[in-house]
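Participant: Sharing my_file-v1.cif (mmCIF, C-alpha atoms; chains and numbers go by the auth columns) below.
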```
data_data
#
loop_
_atom_site.group_PDB
_atom_site.id
_atom_site.type_symbol
_atom_site.label_atom_id
_atom_site.label_comp_id
_atom_site.label_asym_id
_atom_site.label_seq_id
_atom_site.Cartn_x
_atom_site.Cartn_y
_atom_site.Cartn_z
_atom_site.B_iso_or_equiv
_atom_site.auth_seq_id
_atom_site.auth_asym_id
ATOM 1 C CA MET A 1 -8.497 54.678 -63.501 0.00 221 A
ATOM 2 C CA ARG A 2 -6.736 53.394 -60.342 0.00 222 A
ATOM 3 C CA LYS A 3 -9.777 51.321 -59.379 0.00 223 A
ATOM 4 C CA ALA A 4 -9.991 49.877 -62.891 0.00 224 A
ATOM 5 C CA ILE A 5 -6.337 48.850 -62.641 0.00 225 A
ATOM 6 C CA LYS A 6 -6.970 47.348 -59.203 0.00 226 A
ATOM 7 C CA ARG A 7 -9.864 45.285 -60.605 0.00 227 A
ATOM 8 C CA LEU A 8 -7.728 44.136 -63.538 0.00 228 A
ATOM 9 C CA LEU A 9 -4.992 43.062 -61.128 0.00 229 A
ATOM 10 C CA ASP A 10 -7.601 41.183 -59.078 0.00 230 A
ATOM 11 C CA ILE A 11 -8.776 39.273 -62.135 0.00 231 A
ATOM 12 C CA ILE A 12 -5.278 38.448 -63.387 0.00 232 A
ATOM 13 C CA GLY A 13 -3.840 37.715 -59.944 0.00 233 A
ATOM 14 C CA GLY A 14 -6.898 35.782 -58.784 0.00 234 A
ATOM 15 C CA THR A 15 -6.925 33.621 -61.919 0.00 235 A
ATOM 16 C CA LEU A 16 -3.207 32.855 -61.726 0.00 236 A
ATOM 17 C CA ALA A 17 -3.419 32.086 -58.003 0.00 237 A
ATOM 18 C CA LEU A 18 -6.387 29.770 -58.543 0.00 238 A
ATOM 19 C CA ILE A 19 -4.516 27.858 -61.258 0.00 239 A
ATOM 20 C CA LEU A 20 -1.228 27.618 -59.339 0.00 240 A
ATOM 21 C CA LEU A 21 -2.808 26.771 -55.990 0.00 241 A
ATOM 22 C CA SER A 22 -5.482 24.360 -57.257 0.00 242 A
ATOM 23 C CA PRO A 23 -3.400 21.286 -56.215 0.00 243 A
ATOM 24 C CA VAL A 24 -3.184 22.676 -52.668 0.00 244 A
ATOM 25 C CA MET A 25 -6.918 23.348 -52.627 0.00 245 A
ATOM 26 C CA ILE A 26 -7.735 19.855 -53.867 0.00 246 A
ATOM 27 C CA TRP A 27 -5.447 18.365 -51.211 0.00 247 A
ATOM 28 C CA ALA A 28 -7.094 20.475 -48.491 0.00 248 A
ATOM 29 C CA ALA A 29 -10.577 19.436 -49.629 0.00 249 A
ATOM 30 C CA ILE A 30 -9.643 15.746 -49.512 0.00 250 A
ATOM 31 C CA LYS A 31 -8.074 16.038 -46.036 0.00 251 A
ATOM 32 C CA ILE A 32 -11.129 17.846 -44.634 0.00 252 A
ATOM 33 C CA ARG A 33 -13.481 15.247 -46.072 0.00 253 A
ATOM 34 C CA LEU A 34 -11.426 12.339 -44.775 0.00 254 A
ATOM 35 C CA GLU A 35 -11.164 13.665 -41.219 0.00 255 A
ATOM 36 C CA ASP A 36 -14.839 13.790 -40.269 0.00 256 A
ATOM 37 C CA LYS A 37 -16.838 13.190 -43.479 0.00 257 A
ATOM 38 C CA GLY A 38 -18.415 16.646 -43.194 0.00 258 A
ATOM 39 C CA PRO A 39 -18.747 19.361 -45.857 0.00 259 A
ATOM 40 C CA VAL A 40 -15.551 20.781 -47.280 0.00 260 A
ATOM 41 C CA MET A 41 -16.688 24.371 -47.664 0.00 261 A
ATOM 42 C CA PHE A 42 -17.947 26.858 -45.098 0.00 262 A
ATOM 43 C CA LYS A 43 -20.115 29.721 -46.344 0.00 263 A
ATOM 44 C CA GLN A 44 -20.935 32.775 -44.272 0.00 264 A
ATOM 45 C CA GLU A 45 -22.495 36.166 -44.901 0.00 265 A
ATOM 46 C CA ARG A 46 -20.061 39.045 -44.521 0.00 266 A
ATOM 47 C CA ILE A 47 -20.172 42.798 -45.081 0.00 267 A
ATOM 48 C CA GLY A 48 -18.804 44.012 -48.404 0.00 268 A
ATOM 49 C CA LYS A 49 -18.360 47.248 -50.305 0.00 269 A
ATOM 50 C CA ASP A 50 -20.877 49.940 -49.354 0.00 270 A
ATOM 51 C CA LEU A 51 -21.973 47.666 -46.463 0.00 271 A
ATOM 52 C CA LYS A 52 -23.718 45.255 -48.833 0.00 272 A
ATOM 53 C CA PRO A 53 -23.737 41.634 -47.580 0.00 273 A
ATOM 54 C CA PHE A 54 -22.301 38.762 -49.616 0.00 274 A
ATOM 55 C CA MET A 55 -21.417 35.109 -49.036 0.00 275 A
ATOM 56 C CA THR A 56 -17.755 34.327 -48.414 0.00 276 A
ATOM 57 C CA TYR A 57 -16.219 30.923 -49.108 0.00 277 A
ATOM 58 C CA LYS A 58 -13.655 29.251 -46.885 0.00 278 A
ATOM 59 C CA PHE A 59 -12.473 25.743 -46.191 0.00 279 A
ATOM 60 C CA ARG A 60 -14.220 24.388 -43.101 0.00 280 A
ATOM 61 C CA THR A 61 -11.790 24.281 -40.176 0.00 281 A
ATOM 62 C CA MET A 62 -14.084 23.415 -37.266 0.00 282 A
ATOM 63 C CA PHE A 63 -15.923 20.319 -36.121 0.00 283 A
ATOM 64 C CA MET A 64 -19.539 19.964 -37.217 0.00 284 A
ATOM 65 C CA ASP A 65 -20.740 20.604 -33.648 0.00 285 A
ATOM 66 C CA ALA A 66 -18.630 23.754 -33.229 0.00 286 A
ATOM 67 C CA GLU A 67 -21.621 25.821 -32.083 0.00 287 A
ATOM 68 C CA ALA A 68 -22.439 23.387 -29.271 0.00 288 A
ATOM 69 C CA ARG A 69 -18.777 23.358 -28.227 0.00 289 A
ATOM 70 C CA ALA A 70 -18.793 27.154 -28.217 0.00 290 A
ATOM 71 C CA GLN A 71 -21.650 27.264 -25.735 0.00 291 A
ATOM 72 C CA ILE A 72 -19.621 25.119 -23.343 0.00 292 A
ATOM 73 C CA LEU A 73 -16.506 27.240 -23.832 0.00 293 A
ATOM 74 C CA PHE A 74 -18.399 30.475 -23.265 0.00 294 A
ATOM 75 C CA ARG A 75 -19.420 29.392 -19.808 0.00 295 A
ATOM 76 C CA ASP A 76 -15.994 30.762 -18.967 0.00 296 A
ATOM 77 C CA GLU A 77 -16.727 34.502 -18.766 0.00 297 A
ATOM 78 C CA GLN A 78 -13.143 35.479 -19.618 0.00 298 A
ATOM 79 C CA ILE A 79 -13.138 33.402 -22.806 0.00 299 A
ATOM 80 C CA LYS A 80 -16.526 34.830 -23.778 0.00 300 A
ATOM 81 C CA GLU A 81 -15.414 38.397 -23.101 0.00 301 A
ATOM 82 C CA ASP A 82 -12.195 37.971 -25.069 0.00 302 A
ATOM 83 C CA TYR A 83 -14.097 36.435 -27.987 0.00 303 A
ATOM 84 C CA GLU A 84 -16.634 39.265 -28.053 0.00 304 A
ATOM 85 C CA GLU A 85 -13.753 41.737 -28.111 0.00 305 A
ATOM 86 C CA GLY A 86 -12.495 40.139 -31.318 0.00 306 A
ATOM 87 C CA ALA A 87 -9.764 37.949 -29.849 0.00 307 A
ATOM 88 C CA LYS A 88 -9.253 34.414 -31.116 0.00 308 A
ATOM 89 C CA MET A 89 -8.252 31.460 -28.965 0.00 309 A
ATOM 90 C CA LYS A 90 -4.723 30.340 -29.760 0.00 310 A
ATOM 91 C CA LYS A 91 -5.691 26.706 -29.107 0.00 311 A
ATOM 92 C CA ASP A 92 -9.343 26.618 -30.097 0.00 312 A
ATOM 93 C CA PRO A 93 -10.708 23.129 -29.259 0.00 313 A
ATOM 94 C CA ARG A 94 -13.368 23.545 -31.927 0.00 314 A
ATOM 95 C CA LEU A 95 -10.730 23.208 -34.671 0.00 315 A
ATOM 96 C CA THR A 96 -10.198 19.895 -36.404 0.00 316 A
ATOM 97 C CA ASN A 97 -6.616 18.654 -36.818 0.00 317 A
ATOM 98 C CA ILE A 98 -6.474 19.646 -40.470 0.00 318 A
ATOM 99 C CA GLY A 99 -8.418 22.820 -39.666 0.00 319 A
ATOM 100 C CA ALA A 100 -5.736 24.031 -37.255 0.00 320 A
ATOM 101 C CA PHE A 101 -3.106 23.538 -39.962 0.00 321 A
ATOM 102 C CA LEU A 102 -5.216 25.314 -42.583 0.00 322 A
ATOM 103 C CA ARG A 103 -5.675 28.278 -40.223 0.00 323 A
ATOM 104 C CA ARG A 104 -1.952 28.466 -39.447 0.00 324 A
ATOM 105 C CA THR A 105 -1.016 28.510 -43.111 0.00 325 A
ATOM 106 C CA SER A 106 -4.018 30.613 -44.274 0.00 326 A
ATOM 107 C CA ILE A 107 -4.925 27.866 -46.747 0.00 327 A
ATOM 108 C CA ASP A 108 -8.466 27.981 -45.350 0.00 328 A
ATOM 109 C CA GLU A 109 -8.971 31.351 -47.055 0.00 329 A
ATOM 110 C CA LEU A 110 -7.984 30.262 -50.570 0.00 330 A
ATOM 111 C CA PRO A 111 -11.622 29.667 -51.676 0.00 331 A
ATOM 112 C CA GLN A 112 -12.090 33.423 -51.337 0.00 332 A
ATOM 113 C CA LEU A 113 -10.320 33.620 -54.688 0.00 333 A
ATOM 114 C CA PHE A 114 -13.750 32.797 -56.126 0.00 334 A
ATOM 115 C CA ASN A 115 -15.154 35.834 -54.301 0.00 335 A
ATOM 116 C CA VAL A 116 -12.392 37.925 -55.874 0.00 336 A
ATOM 117 C CA LEU A 117 -13.164 36.705 -59.383 0.00 337 A
ATOM 118 C CA LYS A 118 -16.878 37.346 -58.802 0.00 338 A
ATOM 119 C CA GLY A 119 -16.060 40.946 -57.920 0.00 339 A
ATOM 120 C CA GLU A 120 -17.270 40.688 -54.307 0.00 340 A
ATOM 121 C CA MET A 121 -13.779 40.938 -52.845 0.00 341 A
ATOM 122 C CA SER A 122 -10.361 42.205 -53.810 0.00 342 A
ATOM 123 C CA LEU A 123 -7.011 40.524 -53.305 0.00 343 A
ATOM 124 C CA ILE A 124 -6.143 43.410 -50.962 0.00 344 A
ATOM 125 C CA GLY A 125 -8.530 45.452 -48.825 0.00 345 A
ATOM 126 C CA PRO A 126 -10.155 45.692 -45.372 0.00 346 A
ATOM 127 C CA ARG A 127 -11.026 42.367 -43.749 0.00 347 A
ATOM 128 C CA PRO A 128 -14.561 41.103 -44.501 0.00 348 A
ATOM 129 C CA LEU A 129 -16.498 40.933 -41.236 0.00 349 A
ATOM 130 C CA LEU A 130 -19.811 39.667 -39.943 0.00 350 A
ATOM 131 C CA ALA A 131 -22.376 42.466 -39.607 0.00 351 A
ATOM 132 C CA ASP A 132 -22.202 42.372 -35.790 0.00 352 A
ATOM 133 C CA ASP A 133 -18.402 42.342 -35.816 0.00 353 A
ATOM 134 C CA ALA A 134 -18.309 45.254 -38.267 0.00 354 A
ATOM 135 C CA ALA A 135 -20.604 47.244 -35.979 0.00 355 A
ATOM 136 C CA LEU A 136 -18.478 46.360 -32.942 0.00 356 A
ATOM 137 C CA CYS A 137 -15.157 47.115 -34.608 0.00 357 A
ATOM 138 C CA TYR A 138 -16.009 50.156 -36.721 0.00 358 A
ATOM 139 C CA GLY A 139 -19.286 51.549 -35.373 0.00 359 A
ATOM 140 C CA LYS A 140 -20.180 54.745 -37.249 0.00 360 A
ATOM 141 C CA TYR A 141 -16.963 54.416 -39.286 0.00 361 A
ATOM 142 C CA ALA A 142 -18.015 51.183 -41.025 0.00 362 A
ATOM 143 C CA GLY A 143 -19.237 53.019 -44.103 0.00 363 A
ATOM 144 C CA LYS A 144 -15.899 54.821 -44.396 0.00 364 A
ATOM 145 C CA VAL A 145 -13.947 51.556 -44.226 0.00 365 A
ATOM 146 C CA PHE A 146 -16.102 49.696 -46.717 0.00 366 A
ATOM 147 C CA VAL A 147 -15.886 52.256 -49.474 0.00 367 A
ATOM 148 C CA MET A 148 -13.357 49.613 -50.555 0.00 368 A
ATOM 149 C CA LYS A 149 -14.069 45.987 -51.335 0.00 369 A
ATOM 150 C CA PRO A 150 -12.945 43.694 -48.527 0.00 370 A
ATOM 151 C CA GLY A 151 -9.723 41.859 -49.266 0.00 371 A
ATOM 152 C CA MET A 152 -8.171 38.442 -48.820 0.00 372 A
ATOM 153 C CA THR A 153 -5.285 40.276 -47.203 0.00 373 A
ATOM 154 C CA GLY A 154 -4.731 43.807 -45.998 0.00 374 A
ATOM 155 C CA LEU A 155 -2.955 46.005 -43.474 0.00 375 A
ATOM 156 C CA TRP A 156 -4.599 44.200 -40.552 0.00 376 A
ATOM 157 C CA GLN A 157 -3.307 40.827 -41.738 0.00 377 A
ATOM 158 C CA VAL A 158 0.281 41.996 -42.179 0.00 378 A
ATOM 159 C CA MET A 159 0.479 44.024 -38.971 0.00 379 A
ATOM 160 C CA GLY A 160 -0.384 41.536 -36.263 0.00 380 A
ATOM 161 C CA ARG A 161 -3.553 39.738 -37.446 0.00 381 A
ATOM 162 C CA SER A 162 -5.235 38.059 -34.465 0.00 382 A
ATOM 163 C CA ASP A 163 -2.652 39.455 -32.045 0.00 383 A
ATOM 164 C CA THR A 164 -4.113 42.967 -32.416 0.00 384 A
ATOM 165 C CA ASP A 165 -7.011 44.590 -30.570 0.00 385 A
ATOM 166 C CA ILE A 166 -10.170 46.166 -31.972 0.00 386 A
ATOM 167 C CA GLU A 167 -8.909 49.745 -31.631 0.00 387 A
ATOM 168 C CA PHE A 168 -5.818 48.961 -33.704 0.00 388 A
ATOM 169 C CA ARG A 169 -7.878 47.174 -36.376 0.00 389 A
ATOM 170 C CA ARG A 170 -10.235 50.144 -36.618 0.00 390 A
ATOM 171 C CA LYS A 171 -7.393 52.623 -37.065 0.00 391 A
ATOM 172 C CA ILE A 172 -5.433 50.516 -39.527 0.00 392 A
ATOM 173 C CA ASN A 173 -8.413 49.829 -41.799 0.00 393 A
ATOM 174 C CA LEU A 174 -9.557 53.458 -41.711 0.00 394 A
ATOM 175 C CA TYR A 175 -6.016 54.416 -42.682 0.00 395 A
ATOM 176 C CA TYR A 176 -6.122 51.998 -45.631 0.00 396 A
ATOM 177 C CA ALA A 177 -9.468 53.328 -46.876 0.00 397 A
ATOM 178 C CA ARG A 178 -8.206 56.923 -46.710 0.00 398 A
ATOM 179 C CA LYS A 179 -4.674 56.414 -48.027 0.00 399 A
ATOM 180 C CA TRP A 180 -5.208 53.560 -50.497 0.00 400 A
ATOM 181 C CA SER A 181 -2.898 53.489 -53.491 0.00 401 A
ATOM 182 C CA LEU A 182 -1.525 50.850 -55.849 0.00 402 A
ATOM 183 C CA CYS A 183 1.883 51.304 -54.211 0.00 403 A
ATOM 184 C CA LEU A 184 0.376 50.568 -50.795 0.00 404 A
ATOM 185 C CA ASP A 185 -1.271 47.445 -52.221 0.00 405 A
ATOM 186 C CA PHE A 186 2.066 46.308 -53.632 0.00 406 A
ATOM 187 C CA TRP A 187 3.734 46.779 -50.228 0.00 407 A
ATOM 188 C CA ILE A 188 0.931 44.805 -48.518 0.00 408 A
ATOM 189 C CA ALA A 189 1.282 42.001 -51.076 0.00 409 A
ATOM 190 C CA LEU A 190 5.000 41.675 -50.321 0.00 410 A
ATOM 191 C CA ARG A 191 4.384 41.778 -46.560 0.00 411 A
ATOM 192 C CA THR A 192 1.678 39.129 -46.927 0.00 412 A
ATOM 193 C CA LEU A 193 4.151 36.655 -48.398 0.00 413 A
ATOM 194 C CA LYS A 194 6.418 37.157 -45.383 0.00 414 A
ATOM 195 C CA THR A 195 3.572 36.990 -42.846 0.00 415 A
ATOM 196 C CA VAL A 196 2.019 33.842 -44.296 0.00 416 A
ATOM 197 C CA SER A 197 5.367 32.081 -44.631 0.00 417 A
ATOM 198 C CA LYS A 198 6.031 32.645 -40.918 0.00 418 A
ATOM 199 C CA GLY A 199 2.449 32.027 -39.782 0.00 419 A
ATOM 200 C CA GLU A 200 2.492 35.248 -37.779 0.00 420 A
ATOM 201 C CA GLY A 201 -0.720 35.902 -35.797 0.00 421 A
ATOM 202 C CA ALA A 202 -2.603 33.050 -37.500 0.00 422 A
ATOM 203 C CA TYR A 203 -4.743 30.784 -35.319 0.00 423 A
#
```
Written as structure tokens, how would this file's structure read?
Facilitator:
Amino acid sequence: MRKAIKRLLDIIGGTLALILLSPVMIWAAIKIRLEDKGPVMFKQERIGKDLKPFMTYKFRTMFMDAEARAQILFRDEQIKEDYEEGAKMKKDPRLTNIGAFLRRTSIDELPQLFNVLKGEMSLIGPRPLLADDAALCYGKYAGKVFVMKPGMTGLWQVMGRSDTDIEFRRKINLYYARKWSLCLDFWIALRTLKTVSKGEGAY
């Protein structure tokens, strides 16, 4: 019953959010297109419930040649090591001007509302990760974390986001999977509003 209620809340909340935020999404799409004429959307395979892969949607925040720029950046062993440990660069030179703003405000993740309505994600849950990142972060515990659908927001996002290390992310998402309740989701939703409004840990 609780999971049915959670899905109903995802559908209602996702639909309302999509309607209310559609002007912001249209604005973001136009700004991305105008900056470098590249594609507006970025699609990437992530791990979902029961470790099944699915395609996530986000607004593109990086230059078209981001991969080539990454190879140059990773010549610095410290940057490469930090990146492989799950840390993000606070001033990533691969970000476009509008992309940096979209990251700071979390607007880049709004297209994931479509993933929510498709039933691939939830509004609240563990963070969707690449297969390699899921293995690095969770190891043998990945299956225990992804008994839940990944979420647009979750405990990780409201308790430090990119300022946290892998060990903390593992513990916090395992805690969510084990202790999940509708009350916990409600608390996370309220904390998300505060976190996003302040741009805490977003880069």
Participant: Taking all atoms listed in the file into account, which of A:Lys338, A:Arg324, A:Lys418, A:Lys399 comes nearest Met275 (chain A)?
Facilitator: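 So, comparing all the options, the nearest one is A:Lys338.
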Participant: With the file shown as input, list the residues that the PyMOL selection byres ((chain A and resi 337) around 10) selects, as a PyMOL selection string.
Facilitator: chain A and resi 227+230-235+238+332-336+338-343
Participant: Given the file shown, determine the residues that the PyMOL selection byres ((chain A and resi 408) around 8) selects; report them as a PDB file with C-alpha atoms, in the coordinates of the input.
Facilitator:
```
ATOM      1  CA  ILE A 344      -6.143  43.410 -50.962  1.00  0.00           C
ATOM      2  CA  THR A 373      -5.285  40.276 -47.203  1.00  0.00           C
ATOM      3  CA  GLY A 374      -4.731  43.807 -45.998  1.00  0.00           C
ATOM      4  CA  LEU A 375      -2.955  46.005 -43.474  1.00  0.00           C
ATOM      5  CA  VAL A 378       0.281  41.996 -42.179  1.00  0.00           C
ATOM      6  CA  LEU A 404       0.376  50.568 -50.795  1.00  0.00           C
ATOM      7  CA  ASP A 405      -1.271  47.445 -52.221  1.00  0.00           C
ATOM      8  CA  PHE A 406       2.066  46.308 -53.632  1.00  0.00           C
ATOM      9  CA  TRP A 407       3.734  46.779 -50.228  1.00  0.00           C
ATOM     10  CA  ALA A 409       1.282  42.001 -51.076  1.00  0.00           C
ATOM     11  CA  LEU A 410       5.000  41.675 -50.321  1.00  0.00           C
ATOM     12  CA  ARG A 411       4.384  41.778 -46.560  1.00  0.00           C
ATOM     13  CA  THR A 412       1.678  39.129 -46.927  1.00  0.00           C
TER      14      THR A 412
END
```
Participant: Return the single residue from A:Lys269, A:Cys403, A:Leu413, A:Met284 that is closest to Arg347 (chain A), with distances computed using all atoms listed in the file.
Facilitator: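 With all atoms listed in the file as the atom set, the closest residue is A:Lys269.
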Participant: By how many Å are CA of Tyr277 (chain A) and CA of Pro370 (chain A) apart?
Facilitator: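 CA of Pro370 (chain A) lies 13.2 Å from CA of Tyr277 (chain A).
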Participant: Pick out the closest residue to Arg222 (chain A) from this set: A:Ile392, A:Asp270, A:Leu402, A:Ala237. Count all atoms listed in the file.
Facilitator: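 Of A:Ile392, A:Asp270, A:Leu402, A:Ala237, the one nearest Arg222 (chain A) is A:Leu402, counting all atoms listed in the file.
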Participant: What residues come out when you apply the PyMOL selection byres ((chain A and resi 263) around 8) to this file, written as a compact mmCIF listing (two decimals) with C-alpha atoms, keeping the file's coordinate frame?
Facilitator:
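Once written, expr10.txt looks like this:
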```txt
# COMPACT_ATOMS: atom_id res chain seq x y z
CA MET A 261 -16.69 24.37 -47.66
CA PHE A 262 -17.95 26.86 -45.10
CA GLN A 264 -20.94 32.78 -44.27
CA GLU A 265 -22.50 36.17 -44.90
CA MET A 275 -21.42 35.11 -49.04
CA THR A 276 -17.76 34.33 -48.41
CA TYR A 277 -16.22 30.92 -49.11
CA LYS A 278 -13.66 29.25 -46.88
```
Participant: Within 12 Å of Trp376 (chain A), counting all atoms listed in the file, which residues qualify if same-chain residues fewer than 2 places away don't, as a ChimeraX atom specification?
Facilitator: /A:344-348,370-374,378-396,408,411-412,415,420-422
